[in-house]
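Printed here is target_22.txt (compact mmCIF, C-alpha atoms):
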# COMPACT_ATOMS: atom_id res chain seq x y z
CA MET A 1 0.00 0.00 0.00
CA ARG A 2 2.79 2.40 0.87
CA ASN A 3 4.59 1.67 -2.42
CA ALA A 4 1.39 2.28 -4.36
CA VAL A 5 0.95 5.67 -2.71
CA CYS A 6 4.56 6.61 -3.51
CA LEU A 7 4.10 5.61 -7.16
CA ALA A 8 0.91 7.65 -7.39
CA LEU A 9 2.63 10.73 -5.97
CA LEU A 10 5.57 10.27 -8.35
CA ALA A 11 3.22 9.97 -11.32
CA SER A 12 1.38 13.14 -10.33
CA LEU A 13 4.67 15.03 -10.05
CA VAL A 14 5.73 13.85 -13.51
CA VAL A 15 2.41 14.91 -15.02
CA ALA A 16 2.64 18.30 -13.31
CA ALA A 17 6.16 18.80 -14.68
CA VAL A 18 5.35 17.69 -18.22
CA ALA A 19 2.07 19.62 -18.58
CA PRO A 20 3.66 23.12 -18.61
CA LEU A 21 6.28 21.92 -21.06
CA ALA A 22 3.60 20.63 -23.37
CA ALA A 23 1.73 23.91 -23.10
CA GLN A 24 4.90 25.82 -23.99
CA ALA A 25 5.82 23.58 -26.92
CA PRO A 26 6.78 25.68 -29.96
CA ALA A 27 4.33 25.91 -32.81
CA PRO A 28 5.12 23.79 -35.89
CA VAL A 29 7.02 25.62 -38.60
CA PRO A 30 5.21 25.59 -41.97
CA ALA A 31 7.31 24.46 -44.92
CA GLU A 32 5.63 27.00 -47.20
CA LEU A 33 4.01 30.28 -46.29
CA SER A 34 1.68 32.51 -48.28
CA LEU A 35 0.81 36.11 -47.51
CA LEU A 36 -2.59 35.15 -46.11
CA GLY A 37 -0.93 32.34 -44.15
CA ALA A 38 1.51 34.81 -42.61
CA VAL A 39 -1.37 37.10 -41.64
CA GLN A 40 -3.30 34.23 -40.05
CA LEU A 41 -0.21 32.92 -38.28
CA GLY A 42 0.52 36.37 -36.89
CA ARG A 43 -3.05 36.64 -35.60
CA GLN A 44 -2.79 33.26 -33.90
CA GLN A 45 0.62 33.07 -32.30
CA ALA A 46 2.24 36.49 -32.25
CA VAL A 47 3.15 37.36 -28.67
CA SER A 48 0.85 40.39 -28.54
CA ALA A 49 -2.08 38.36 -29.89
CA THR A 50 -1.44 35.55 -27.41
CA LEU A 51 -1.35 37.99 -24.49
CA ALA A 52 -4.59 39.60 -25.66
CA ASN A 53 -6.30 36.21 -25.81
CA LEU A 54 -5.11 35.45 -22.28
CA ASN A 55 -6.53 38.77 -21.08
CA ALA A 56 -9.85 37.87 -22.71
CA GLN A 57 -9.87 34.59 -20.79
CA VAL A 58 -9.15 36.48 -17.56
CA ALA A 59 -12.15 38.70 -18.27
CA GLU A 60 -14.33 35.61 -18.74
CA HIS A 61 -13.28 34.36 -15.31
CA ARG A 62 -14.18 37.73 -13.80
CA VAL A 63 -17.74 37.20 -15.03
CA GLY A 64 -17.80 34.02 -12.97
CA LEU A 65 -16.66 35.97 -9.92
CA ARG A 66 -19.52 38.44 -10.35
CA ARG A 67 -22.00 35.61 -10.86
CA ALA A 68 -20.79 34.00 -7.64
CA ASP A 69 -22.25 36.93 -5.68
CA LEU A 70 -25.73 35.84 -6.82
CA LEU A 71 -25.27 32.12 -6.22
CA PRO A 72 -25.85 30.27 -2.91
CA GLN A 73 -23.08 30.50 -0.33
CA ILE A 74 -22.75 27.24 1.63
CA SER A 75 -20.23 26.30 4.30
CA VAL A 76 -19.84 23.35 6.64
CA ALA A 77 -17.72 23.24 9.78
CA GLY A 78 -16.93 20.53 12.29
CA ALA A 79 -15.13 20.70 15.61
CA VAL A 80 -13.92 18.39 18.37
CA THR A 81 -13.28 20.35 21.58
CA PRO A 82 -11.72 18.66 24.64
CA GLN A 83 -12.32 21.03 27.56
CA THR A 84 -13.12 21.66 31.22
CA VAL A 85 -15.42 24.33 32.65
CA ASN A 86 -14.85 26.51 35.72
CA LEU A 87 -18.30 26.52 37.34
CA GLU A 88 -17.54 29.47 39.59
CA GLN A 89 -17.33 31.85 36.61
CA PHE A 90 -21.11 31.58 36.15
CA GLY A 91 -21.88 32.79 39.70
CA PHE A 92 -24.48 30.12 40.46
CA PRO A 93 -24.93 29.33 44.15
CA GLY A 94 -23.30 26.08 45.08
CA ALA A 95 -21.49 25.81 41.76
CA VAL A 96 -17.85 25.51 42.74
CA GLY A 97 -14.79 23.86 41.29
CA VAL A 98 -13.89 22.69 37.83
CA THR A 99 -15.69 19.95 35.92
CA PRO A 100 -13.92 16.78 34.94
CA PRO A 101 -12.49 16.81 31.39
CA PHE A 102 -15.02 16.10 28.66
CA THR A 103 -15.15 16.35 24.85
CA LEU A 104 -17.72 18.34 22.89
CA TYR A 105 -18.49 17.34 19.29
CA ALA A 106 -20.09 19.88 16.94
CA LEU A 107 -21.15 19.88 13.28
CA GLN A 108 -22.50 23.08 11.76
CA GLY A 109 -23.75 24.14 8.33
CA ARG A 110 -24.49 27.63 7.03
CA ALA A 111 -26.23 28.76 3.84
CA SER A 112 -27.19 32.13 2.42
CA GLN A 113 -28.81 33.21 -0.83
CA VAL A 114 -29.41 36.60 -2.41
CA ILE A 115 -32.93 36.58 -3.80
CA PHE A 116 -32.86 40.05 -5.35
CA ASP A 117 -30.13 42.67 -5.60
CA ALA A 118 -30.51 45.09 -8.51
CA SER A 119 -26.99 46.46 -8.08
CA LEU A 120 -25.34 43.02 -8.23
CA ILE A 121 -27.40 42.08 -11.29
CA GLU A 122 -26.29 45.22 -13.11
CA ARG A 123 -22.65 44.63 -12.16
CA LEU A 124 -22.91 41.09 -13.52
CA LYS A 125 -24.16 42.49 -16.83
CA ALA A 126 -21.30 45.00 -16.83
CA ALA A 127 -18.78 42.21 -16.25
CA SER A 128 -20.30 40.21 -19.12
CA ASP A 129 -20.02 43.23 -21.39
CA SER A 130 -16.42 43.73 -20.26
CA ALA A 131 -15.64 40.14 -21.26
CA LYS A 132 -17.09 40.79 -24.71
CA VAL A 133 -15.01 43.95 -24.97
CA ALA A 134 -11.88 41.99 -24.02
CA GLY A 135 -12.66 39.49 -26.78
CA LEU A 136 -13.04 42.33 -29.30
CA ASP A 137 -9.78 43.85 -28.07
CA ALA A 138 -8.12 40.47 -28.65
CA GLN A 139 -9.51 40.43 -32.20
CA HIS A 140 -8.20 43.95 -32.84
CA ILE A 141 -4.76 43.22 -31.42
CA GLY A 142 -4.70 40.02 -33.45
CA SER A 143 -5.55 42.05 -36.53
CA LEU A 144 -2.67 44.43 -35.80
CA ALA A 145 -0.33 41.48 -35.30
CA GLY A 146 -1.55 39.94 -38.56
CA ALA A 147 -1.00 43.22 -40.39
CA ALA A 148 2.51 43.46 -38.95
CA ALA A 149 3.20 39.89 -40.12
CA GLY A 150 1.86 40.73 -43.57
CA LEU A 151 4.06 43.82 -43.82
CA ALA A 152 7.08 41.80 -42.71
CA TYR A 153 6.20 39.20 -45.36
CA LEU A 154 6.15 41.95 -48.02
CA ARG A 155 9.53 43.20 -46.83
CA VAL A 156 10.98 39.73 -47.36
CA LEU A 157 9.44 39.56 -50.84
CA ALA A 158 10.85 42.98 -51.70
CA ALA A 159 14.26 41.97 -50.34
CA GLU A 160 14.19 38.78 -52.43
CA GLU A 161 13.36 40.72 -55.59
CA ILE A 162 16.07 43.29 -54.86
CA ASP A 163 18.53 40.43 -54.34
CA ALA A 164 17.50 38.88 -57.66
CA ALA A 165 17.75 42.28 -59.36
CA ARG A 166 21.25 42.81 -58.01
CA GLU A 167 22.26 39.39 -59.28
CA ALA A 168 20.95 40.33 -62.74
CA ASP A 169 22.82 43.64 -62.51
CA SER A 170 25.98 41.76 -61.56
CA ALA A 171 25.60 39.54 -64.62
CA ILE A 172 25.17 42.57 -66.89
CA ALA A 173 28.16 44.31 -65.31
CA ALA A 174 30.26 41.19 -65.74
CA THR A 175 29.29 41.00 -69.44
CA LEU A 176 30.15 44.65 -70.01
CA LEU A 177 33.44 44.18 -68.17
CA ALA A 178 34.34 41.19 -70.33
CA GLN A 179 33.57 43.18 -73.49
CA ALA A 180 35.64 46.11 -72.23
CA ARG A 181 38.59 43.80 -71.63
CA GLN A 182 38.30 42.36 -75.13
CA PHE A 183 38.19 45.82 -76.70
CA GLN A 184 41.06 47.00 -74.54
CA ALA A 185 43.17 44.00 -75.57
CA ALA A 186 42.34 44.73 -79.22
CA GLY A 187 43.25 48.38 -78.80
CA VAL A 188 39.77 49.55 -79.81
CA THR A 189 38.86 51.48 -76.62
CA PRO A 190 40.97 53.54 -74.21
CA ALA A 191 42.05 52.19 -70.84
CA ILE A 192 39.62 54.46 -68.99
CA ASP A 193 36.68 52.50 -70.42
CA LEU A 194 38.00 49.33 -68.82
CA THR A 195 38.53 51.17 -65.54
CA ARG A 196 34.97 52.51 -65.57
CA ASN A 197 33.55 49.03 -66.13
CA GLU A 198 35.69 47.59 -63.34
CA VAL A 199 34.50 50.30 -60.95
CA ASN A 200 30.89 49.66 -62.01
CA ALA A 201 31.27 45.89 -61.49
CA ARG A 202 32.66 46.40 -57.99
CA ALA A 203 29.84 48.80 -57.12
CA VAL A 204 27.20 46.31 -58.27
CA GLN A 205 28.85 43.52 -56.27
CA SER A 206 28.81 45.73 -53.17
CA GLU A 207 25.10 46.41 -53.70
CA LEU A 208 24.52 42.66 -54.05
CA LEU A 209 26.15 42.05 -50.66
CA SER A 210 23.96 44.74 -49.09
CA ALA A 211 20.85 43.23 -50.70
CA ARG A 212 21.65 39.77 -49.30
CA ASN A 213 22.22 41.26 -45.87
CA GLU A 214 18.86 43.05 -46.00
CA LEU A 215 17.18 39.82 -47.10
CA GLY A 216 18.60 37.97 -44.10
CA ARG A 217 17.49 40.73 -41.73
CA ALA A 218 13.99 40.80 -43.23
CA ARG A 219 13.65 37.03 -42.76
CA LEU A 220 14.69 37.33 -39.12
CA ASP A 221 12.12 40.07 -38.56
CA LEU A 222 9.37 37.91 -40.10
CA LEU A 223 10.26 34.88 -37.98
CA ARG A 224 10.37 37.02 -34.85
CA ILE A 225 6.94 38.51 -35.51
CA LEU A 226 5.48 35.06 -36.20
CA ASN A 227 7.04 33.76 -32.96
CA LEU A 228 8.88 31.02 -34.86
CA PRO A 229 12.45 29.75 -34.35
CA LEU A 230 14.84 32.26 -35.89
CA ASP A 231 16.69 29.50 -37.76
CA ALA A 232 13.52 28.04 -39.30
CA PRO A 233 13.59 27.69 -43.11
CA LEU A 234 10.64 29.41 -44.76
CA GLN A 235 9.64 29.15 -48.40
CA LEU A 236 7.48 32.12 -49.40
CA THR A 237 4.95 31.13 -52.03
CA ASP A 238 3.61 34.57 -53.02
CA SER A 239 5.31 37.33 -54.95
CA LEU A 240 4.93 41.07 -55.19
CA GLY A 241 2.01 41.94 -57.41
CA THR A 242 -0.95 44.21 -57.94
CA ASP A 243 -3.80 41.96 -56.85
CA LEU A 244 -7.30 43.37 -57.01
CA VAL A 245 -9.03 44.80 -53.96
CA ASP A 246 -12.47 43.33 -53.19
CA VAL A 247 -13.73 45.88 -50.65
CA PRO A 248 -15.70 49.15 -50.91
CA LEU A 249 -13.55 51.83 -52.50
CA ALA A 250 -15.94 54.80 -52.38
CA PRO A 251 -14.85 56.87 -49.35
CA ASP A 252 -18.27 57.22 -47.72
CA SER A 253 -19.18 53.56 -48.27
CA ALA A 254 -15.78 52.43 -47.00
CA VAL A 255 -16.15 54.51 -43.83
CA SER A 256 -19.60 53.06 -43.09
CA PHE A 257 -18.24 49.57 -43.78
CA ALA A 258 -15.31 50.10 -41.41
CA LEU A 259 -17.47 51.42 -38.56
CA ALA A 260 -19.61 48.28 -38.84
CA HIS A 261 -16.72 45.77 -39.07
CA ARG A 262 -13.81 47.11 -37.02
CA PRO A 263 -13.53 45.30 -33.68
CA ASP A 264 -11.85 48.23 -31.95
CA VAL A 265 -14.79 50.53 -32.78
CA THR A 266 -17.24 47.92 -31.49
CA ALA A 267 -15.09 47.38 -28.39
CA GLU A 268 -15.07 51.11 -27.62
CA ALA A 269 -18.86 51.20 -27.87
CA GLY A 270 -18.91 48.21 -25.51
CA ARG A 271 -16.72 50.07 -23.02
CA THR A 272 -19.19 52.96 -23.11
CA GLU A 273 -22.03 50.56 -22.32
CA VAL A 274 -20.00 49.10 -19.43
CA ALA A 275 -19.58 52.62 -18.03
CA ARG A 276 -23.35 53.17 -18.31
CA ARG A 277 -24.07 49.90 -16.54
CA SER A 278 -21.65 50.81 -13.75
CA LEU A 279 -23.53 54.08 -13.30
CA ARG A 280 -26.86 52.23 -13.19
CA ALA A 281 -25.40 49.76 -10.67
CA ILE A 282 -24.66 52.63 -8.30
CA ALA A 283 -28.20 53.97 -8.71
CA ASN A 284 -29.62 50.49 -8.10
CA GLU A 285 -28.04 50.46 -4.66
CA TYR A 286 -31.06 52.52 -3.51
CA TYR A 287 -33.34 49.54 -4.19
CA PRO A 288 -33.91 47.06 -1.35
CA THR A 289 -32.10 43.74 -1.39
CA VAL A 290 -33.83 40.51 -0.44
CA GLY A 291 -32.17 37.35 0.83
CA PHE A 292 -32.16 34.66 3.44
CA GLN A 293 -29.70 32.92 5.75
CA GLY A 294 -29.92 29.54 7.37
CA GLN A 295 -27.92 27.69 9.99
CA TRP A 296 -28.08 24.07 11.15
CA SER A 297 -25.96 22.54 13.90
CA HIS A 298 -25.53 19.27 15.77
CA SER A 299 -23.56 19.14 19.01
CA GLY A 300 -23.10 16.97 22.05
CA GLN A 301 -20.62 15.10 24.21
CA GLU A 302 -21.17 11.84 22.36
CA VAL A 303 -21.19 11.36 18.60
CA ASP A 304 -24.27 9.13 18.60
CA ARG A 305 -26.26 11.40 20.93
CA MET A 306 -25.72 14.84 19.40
CA LEU A 307 -28.74 17.17 19.40
CA GLY A 308 -29.67 19.28 16.41
CA SER A 309 -30.95 22.82 16.03
CA TYR A 310 -31.54 25.20 13.14
CA SER A 311 -32.45 28.79 12.36
CA LEU A 312 -33.76 30.51 9.21
CA MET A 313 -33.86 34.24 8.56
CA PHE A 314 -35.50 36.00 5.64
CA GLY A 315 -34.67 39.66 5.41
CA VAL A 316 -34.96 42.88 3.44
CA GLN A 317 -32.19 45.46 3.57
CA LEU A 318 -32.58 49.05 2.47
CA ALA A 319 -29.69 51.51 2.37
CA VAL A 320 -30.91 54.80 3.84
CA PHE A 321 -27.85 56.98 4.35
CA ASP A 322 -24.15 56.29 3.88
CA GLY A 323 -22.60 59.72 4.30
CA PHE A 324 -23.29 60.70 0.63
CA ARG A 325 -20.84 58.09 -0.60
CA ARG A 326 -23.19 56.84 -3.31
CA GLN A 327 -23.79 60.36 -4.56
CA ARG A 328 -20.05 60.96 -4.84
CA ARG A 329 -19.46 57.66 -6.60
CA SER A 330 -22.33 58.40 -8.97
CA SER A 331 -20.89 61.83 -9.84
CA GLU A 332 -17.48 60.29 -10.42
CA GLN A 333 -18.94 57.59 -12.67
CA GLU A 334 -20.85 60.21 -14.68
CA LEU A 335 -17.55 61.96 -15.43
CA ARG A 336 -16.00 58.62 -16.40
CA LEU A 337 -18.91 57.96 -18.75
CA GLU A 338 -18.51 61.40 -20.32
CA ALA A 339 -14.80 60.77 -20.89
CA GLN A 340 -15.53 57.34 -22.38
CA GLU A 341 -18.10 58.79 -24.79
CA LEU A 342 -15.47 61.30 -25.89
CA ARG A 343 -12.98 58.47 -26.50
CA GLN A 344 -15.60 56.57 -28.50
CA ARG A 345 -16.29 59.56 -30.77
CA ASP A 346 -12.57 60.19 -31.23
CA LEU A 347 -11.92 56.55 -32.17
CA SER A 348 -14.69 56.66 -34.75
CA ARG A 349 -13.11 59.76 -36.30
CA GLN A 350 -9.71 58.06 -36.18
CA ALA A 351 -11.14 55.03 -37.99
CA GLU A 352 -12.64 57.30 -40.64
CA GLN A 353 -9.28 59.06 -41.07
CA GLU A 354 -7.43 55.74 -41.43
CA VAL A 355 -9.87 54.49 -44.06
CA ARG A 356 -9.74 57.66 -46.15
CA ARG A 357 -5.95 57.82 -45.88
CA SER A 358 -5.66 54.14 -46.89
CA LEU A 359 -7.79 54.78 -49.97
CA LEU A 360 -5.52 57.70 -50.93
CA ASP A 361 -2.43 55.53 -50.42
CA LEU A 362 -3.91 52.73 -52.54
CA GLY A 363 -4.68 55.07 -55.44
CA THR A 364 -1.19 56.56 -55.26
CA ALA A 365 0.39 53.08 -55.11
CA GLU A 366 -1.50 51.94 -58.21
CA SER A 367 -0.26 54.97 -60.17
CA ALA A 368 3.28 54.47 -58.85
CA VAL A 369 3.35 50.86 -60.11
CA THR A 370 2.22 51.95 -63.59
CA LEU A 371 4.84 54.70 -63.78
CA ALA A 372 7.61 52.47 -62.43
CA THR A 373 6.77 49.75 -64.99
CA ASP A 374 7.02 52.24 -67.87
CA ARG A 375 10.23 53.64 -66.38
CA LEU A 376 11.88 50.22 -66.25
CA ALA A 377 10.87 49.45 -69.85
CA LEU A 378 12.42 52.73 -71.04
CA ALA A 379 15.56 52.16 -68.93
CA ALA A 380 15.99 48.67 -70.41
CA LEU A 381 15.62 50.13 -73.90
CA GLU A 382 18.24 52.78 -73.09
CA LEU A 383 20.67 50.10 -71.83
CA ARG A 384 20.12 47.98 -74.92
CA GLN A 385 20.77 50.95 -77.22
CA ALA A 386 23.85 51.99 -75.26
CA THR A 387 25.20 48.43 -75.41
CA GLU A 388 24.66 48.29 -79.16
CA ARG A 389 26.53 51.59 -79.59
CA PHE A 390 29.33 50.29 -77.35
CA ASP A 391 29.56 47.06 -79.38
CA ALA A 392 29.69 49.07 -82.58
CA GLY A 393 32.51 51.18 -81.21
CA VAL A 394 30.66 54.48 -81.66
CA ALA A 395 30.34 55.15 -77.90
CA GLY A 396 32.42 54.61 -74.82
CA SER A 397 31.65 52.91 -71.53
CA VAL A 398 30.25 56.10 -70.05
CA GLU A 399 26.92 55.57 -71.81
CA THR A 400 26.64 51.89 -70.82
CA THR A 401 27.62 52.61 -67.22
CA GLN A 402 25.08 55.41 -66.96
CA ALA A 403 22.42 53.31 -68.66
CA GLN A 404 22.98 50.42 -66.26
CA ALA A 405 22.69 52.81 -63.31
CA VAL A 406 19.38 53.98 -64.75
CA VAL A 407 18.20 50.35 -65.00
CA VAL A 408 19.23 49.68 -61.41
CA ALA A 409 17.31 52.72 -60.20
CA ALA A 410 14.27 51.78 -62.30
CA ARG A 411 14.24 48.23 -60.95
CA ASN A 412 14.49 49.50 -57.41
CA ALA A 413 11.64 51.92 -58.06
CA LEU A 414 9.41 49.18 -59.49
CA ILE A 415 10.13 46.83 -56.59
CA GLN A 416 9.41 49.56 -54.07
CA ALA A 417 6.25 50.56 -55.93
CA ARG A 418 4.93 47.00 -55.94
CA ALA A 419 5.84 46.59 -52.29
CA GLY A 420 4.12 49.89 -51.56
CA TYR A 421 0.99 48.65 -53.30
CA GLY A 422 1.06 45.51 -51.15
CA VAL A 423 1.44 47.65 -48.02
CA ALA A 424 -1.47 49.84 -49.11
CA ARG A 425 -3.68 46.75 -49.65
CA ILE A 426 -2.89 45.34 -46.22
CA THR A 427 -3.39 48.72 -44.57
CA LEU A 428 -6.74 49.20 -46.31
CA TYR A 429 -8.04 45.76 -45.32
CA GLN A 430 -6.86 46.28 -41.75
CA SER A 431 -8.44 49.76 -41.54
CA LEU A 432 -11.74 48.27 -42.77
CA GLY A 433 -11.60 45.49 -40.15
CA VAL A 434 -11.56 42.61 -42.67
CA LEU A 435 -7.90 41.64 -42.76
CA ASP A 436 -8.87 37.97 -42.75
CA GLN A 437 -10.44 38.46 -46.20
CA LEU A 438 -7.10 39.44 -47.71
CA GLN A 439 -6.24 37.24 -50.68

Step by step, read the file and then write its structure as structure tokens.
Amino acid sequence: MRNAVCLALLASLVVAAVAPLAAQAPAPVPAELSLLGAVQLGRQQAVSATLANLNAQVAEHRVGLRRADLLPQISVAGAVTPQTVNLEQFGFPGAVGVTPPFTLYALQGRASQVIFDASLIERLKAASDSAKVAGLDAQHIGSLAGAAAGLAYLRVLAAEEIDAAREADSAIAATLLAQARQFQAAGVTPAIDLTRNEVNARAVQSELLSARNELGRARLDLLRILNLPLDAPLQLTDSLGTDLVDVPLAPDSAVSFALAHRPDVTAEAGRTEVARRSLRAIANEYYPTVGFQGQWSHSGQEVDRMLGSYSLMFGVQLAVFDGFRRQRRSSEQELRLEAQELRQRDLSRQAEQEVRRSLLDLGTAESAVTLATDRLALAALELRQATERFDAGVAGSVETTQAQAVVVAARNALIQARAGYGVARITLYQSLGVLDQLQ
């Protein structure tokens, strides 16, 4: 029997030690990750989103605490009291000395129940509303975390494209350098042309190193935001593009849509309702409260001969005067409600500003992509013409070097424009409160 108890205790200790480790086990690392997948992963397991979900669970437990005030309160107590009694302390004539030792056994139960308390009922409703607000706050913080993950994803995509562009630039520079060496060996071009191409090749190689460094940093930032191991390999499946936007684009319609779908706006309205309920709870303290209490006890000097007794009390309690405390608390809560209503109006205006600004950014980003595409096409044409003139021997390396610099700048501009369009899409969806609909 003793060995069995020891084994049971050991097993319970092992389970208690393993359970926290299992709860803290790292999330699985996806082999491939899309933009929408990054947004969803950020909403689910980013540190800020996880903390917000925990706070929402805490708020749910607080509702249970408020509900407990309206539920029956039951307690049971038992006592074994060995004692003696000094008879002289009672002052009875002829009662002298101390009694022999005896033992008193007692078993007692108590119960109480609130039948009606308007203030407690209103506070329970306020706690329930607060739990809903905490859930909406968790949704909003999750949306912000998802947007941050999406923006980090776009930075990685942009860094990958810049890295690929620098590799292409390095190949072009190497080709031009090889041609310059051939012409220099043949005595067709002066030595300065070869020097210019060598300088240009070194500059492009330096930019390639910087691009690879930025790519590594962007990947680390993405993994950190997603709360994944920093050495995890991630294969991004999306690319920078100009995907369509399937949300209202008219400013007035978009604002109305956002006010109906944004969880932070709904949460702020919920906080205002909680403040109103708290004010009503104070006013409800003037109503009478109804409840009852009961007590049952068994006691005696022998367990099998204990005598029982009970008492029941039904009562009504009415608060008449408390030194004007309720009036002061009511005035204070009215000021809190006024401040909360001001915050709610300000948040609605902030949401409207964010939506209208996101629409402006999206329109600008679309135009920037179109202009950057045309610019790159013209820069590529200029480089091709300069190369043909260099091959024909009618121009020096100055034109090809300048043309390649123009191509590099045009590629950078197009990559940044496409990344900016992606940022504008994510920002618009997040400002409208429908980030989970991002495709």

Inset, instruction - Using all atoms listed in the file, determine which residues lie at most 7 Å from Gly433 (chain A), disregarding the query and same-chain residues fewer than 4 positions distant; provide the list as a PyMOL selection string. - result: chain A and resi 258+261-263+429

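CA of Ala131 (chain A) sits 6.4 Å away from CA of Ala56 (chain A).
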
Can I get the residues of region 345-433 of chain A within 10 Å of region 133-155 of chain A, each with the closest pair of atoms and their distance in Å to one decimal, using only C-alpha atoms, sorted chain first then ascending number, as a tab-separated table?
residue	atom	partner	partner_atom	distance
A:Gln416	CA	A:Arg155	CA	9.6
A:Arg418	CA	A:Leu154	CA	9.5
A:Ala419	CA	A:Leu154	CA	6.3
A:Gly420	CA	A:Leu154	CA	8.9
A:Tyr421	CA	A:Leu154	CA	10.0
A:Gly422	CA	A:Leu154	CA	7.0
A:Val423	CA	A:Leu151	CA	6.3
A:Ala424	CA	A:Leu151	CA	9.7
A:Ile426	CA	A:Ala147	CA	6.5
A:Thr427	CA	A:Ala147	CA	7.3
A:Tyr429	CA	A:Ala147	CA	9.0
A:Gln430	CA	A:Ala147	CA	6.7
A:Ser431	CA	A:Ser143	CA	9.6
A:Gly433	CA	A:Ser143	CA	7.8

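Nearest to Thr242 (chain A) of all the residues A:Pro229, A:Gly363, A:Gly270, A:Gly187 is A:Gly363, counting only C-alpha atoms.
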
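Here CA of Val76 (chain A) stands at a distance of 25.6 Å from CA of Arg62 (chain A).
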
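Here CA of Leu236 (chain A) is placed at a distance of 14.6 Å from CA of Ala164 (chain A).
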
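In this comparison, which uses all atoms listed in the file, the residue of A:Gly42, A:Gln404, A:Arg375, A:Val398 approaching Asp193 (chain A) most closely is A:Val398.
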
Since the input has fewer atoms than a full residue there, write region 223-234 of chain A out with N, CA, C and O atoms, as a compact mmCIF listing (two decimals), in the frame of the given file.
# COMPACT_ATOMS: atom_id res chain seq x y z
N LEU A 223 10.30 36.01 -38.92
CA LEU A 223 10.26 34.88 -37.98
C LEU A 223 10.00 35.36 -36.56
O LEU A 223 9.27 34.71 -35.80
N ARG A 224 10.58 36.48 -36.20
CA ARG A 224 10.37 37.02 -34.85
C ARG A 224 8.92 37.44 -34.65
O ARG A 224 8.32 37.16 -33.60
N ILE A 225 8.33 38.09 -35.64
CA ILE A 225 6.94 38.51 -35.51
C ILE A 225 6.01 37.32 -35.44
O ILE A 225 5.04 37.31 -34.67
N LEU A 226 6.31 36.26 -36.21
CA LEU A 226 5.48 35.06 -36.20
C LEU A 226 5.75 34.16 -35.01
O LEU A 226 5.12 33.11 -34.88
N ASN A 227 6.70 34.53 -34.16
CA ASN A 227 7.04 33.76 -32.96
C ASN A 227 7.51 32.35 -33.34
O ASN A 227 7.14 31.36 -32.71
N LEU A 228 8.32 32.28 -34.39
CA LEU A 228 8.88 31.02 -34.86
C LEU A 228 10.38 31.00 -34.55
O LEU A 228 10.99 32.05 -34.33
N PRO A 229 10.99 29.80 -34.53
CA PRO A 229 12.45 29.75 -34.35
C PRO A 229 13.17 30.58 -35.40
O PRO A 229 12.82 30.55 -36.59
N LEU A 230 14.17 31.33 -34.97
CA LEU A 230 14.84 32.26 -35.89
C LEU A 230 15.70 31.55 -36.92
O LEU A 230 16.17 32.20 -37.87
N ASP A 231 15.93 30.24 -36.76
CA ASP A 231 16.69 29.50 -37.76
C ASP A 231 15.78 28.64 -38.63
O ASP A 231 16.26 27.77 -39.37
N ALA A 232 14.47 28.86 -38.55
CA ALA A 232 13.52 28.04 -39.30
C ALA A 232 13.59 28.40 -40.79
O ALA A 232 13.58 29.58 -41.14
N PRO A 233 13.63 27.40 -41.67
CA PRO A 233 13.59 27.69 -43.11
C PRO A 233 12.15 27.96 -43.54
O PRO A 233 11.24 27.22 -43.23
N LEU A 234 11.97 29.05 -44.26
CA LEU A 234 10.64 29.41 -44.76
C LEU A 234 10.70 29.61 -46.26
O LEU A 234 11.57 30.33 -46.77
